[in-house]
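**Q** Sending over a structure as structure tokens; questions will come in a sec.
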Amino acid sequence: MHGIWEVYNECPVRQRRPFVHYGKDIETVRREAGTFLDRSFFIGAFLENKMIGFVKLICDETRTQAGLVHILSLIGQRDKAPTNALIAAAVRACAARQLPYLVYSRFDDGNKQRDPLIDFKVRNGFKKFDLPRYYVPLTRLGLLAMNFGLHRNLTSFVPEPILSRVRKLRNAWYNRQLDSVKEEA
């Protein structure tokens, strides 16, 4: 657990955003990482007896797939590609457990045109697999909500060029926040 805590607390910002797990105490990390333990398994990447990355996988009830719930590596060890090694180890672990599918939950994020995370998933052999979703309103209020499209993600209503600009503004705001924190330190 200490290794996961160290990975979480390496840096307050990841992928140009405040990292939600940064600053958590070890008991909080233990509690949050301890969900679905009866169906979970963890794999760690180690360098000189120090954890430099980990992945948590959760099997579904029918044992037909394992989902990558959390995969994270130390930014300072990025040159050693621990995340790629963790994915390879996850594939081997699924094969050893006779789990035919390894799922990286959401393959894409709405209508983004380019995304480094999607590129990473493709480079590591993941493929997008769309599943049909059916929504059935149970009440009149539910029917009204469906008629207004409220069952869909808010970003599906916004054109990609506008979303791209909003993301750039958000990133600029995060960068200003990070710069002010650096100046205080």
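In the structure tokens, the first chain shown is A, the next is B, and so on; residue numbers restart at 1 for each chain, and ligands run from 1 in the order shown.
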Within 12 Å of region 72-80 of chain A, which residues of region 85-170 of chain A come that close, and what is the closest atom pair and distance in Å for each? Count only C-alpha atoms and give it as JSON lines.

**A**
{"residue": "A:Ala85", "atom": "CA", "partner": "A:Lys80", "partner_atom": "CA", "distance": 8.9}
{"residue": "A:Leu86", "atom": "CA", "partner": "A:Leu72", "partner_atom": "CA", "distance": 9.1}
{"residue": "A:Ile87", "atom": "CA", "partner": "A:Leu72", "partner_atom": "CA", "distance": 10.7}

**Q** Excluding Trp5 (chain A) and any residue of its chain fewer than 6 positions from it, enumerate the residues within 8 Å of it, using only C-alpha atoms, and give them as a list in words.

**A**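 With the cut-off at 8 Å, the set is Lys24, Asp25, Ile26 and Val29 of chain A.
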
**Q** With N, CA and C atoms retained, write the just-selected residues as a compact mmCIF listing (two decimals), in the first residue's frame.

**A**
# COMPACT_ATOMS: atom_id res chain seq x y z
N LYS A 24 -3.45 12.52 -0.33
CA LYS A 24 -4.26 11.64 0.53
C LYS A 24 -3.35 10.88 1.48
N ASP A 25 -3.86 10.67 2.70
CA ASP A 25 -3.08 9.90 3.66
C ASP A 25 -3.18 8.42 3.32
N ILE A 26 -2.29 7.64 3.90
CA ILE A 26 -2.19 6.22 3.53
C ILE A 26 -3.45 5.43 3.89
N VAL A 29 -5.95 6.01 1.11
CA VAL A 29 -5.51 5.24 -0.07
C VAL A 29 -5.85 3.77 0.13

**Q** For a test of reading the model, state the distance in Å between CA of Arg14 (chain A) and CA of Arg170 (chain A), rounded to one decimal.

**A** 13.9 Å

**Q** Which parts of region 21-170 of chain A does DSSP call strand (DSSP E or B) when run on the backbone here, written out as a count of residues only?

**A** 30

**Q** Using only C-alpha atoms, which residue out of A:Ser164, A:Lys50, A:Glu27, A:Gln65 lies closest to Asp115 (chain A)?

**A** A:Ser164

**Q** Residues near Pro137 (chain A), anyone? I mean within 12 Å using only C-alpha atoms, not counting same-chain ones fewer than 6 positions away, as a ChimeraX atom specification.

**A** /A:143-147,149-151

**Q** Using only C-alpha atoms, can you tell me which of A:Tyr8, A:Ala93, A:Arg140, A:Asp60 comes closest to Phe42 (chain A)?

**A**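 Result for the nearest residue to Phe42 (chain A): A:Ala93.
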
**Q** What does the distance from CA of Leu99 (chain A) to CA of Ile118 (chain A) come to in Å, to one decimal?

**A** 23.3 Å

**Q** Extract the full set of helix (DSSP H, G or I) residues from chain A according to DSSP on the backbone, and format it as number ranges by chain.

**A** A: 2-8, 26-33, 37-39, 75-80, 82-96, 116-123, 140-147, 154-157, 160-184

**Q** Could you tell me how far CA of Arg92 (chain A) lies from CA of Lys121 (chain A), in Å and to one decimal?

**A**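 Value for the CA of Arg92 (chain A)-CA of Lys121 (chain A) distance: 16.9 Å.
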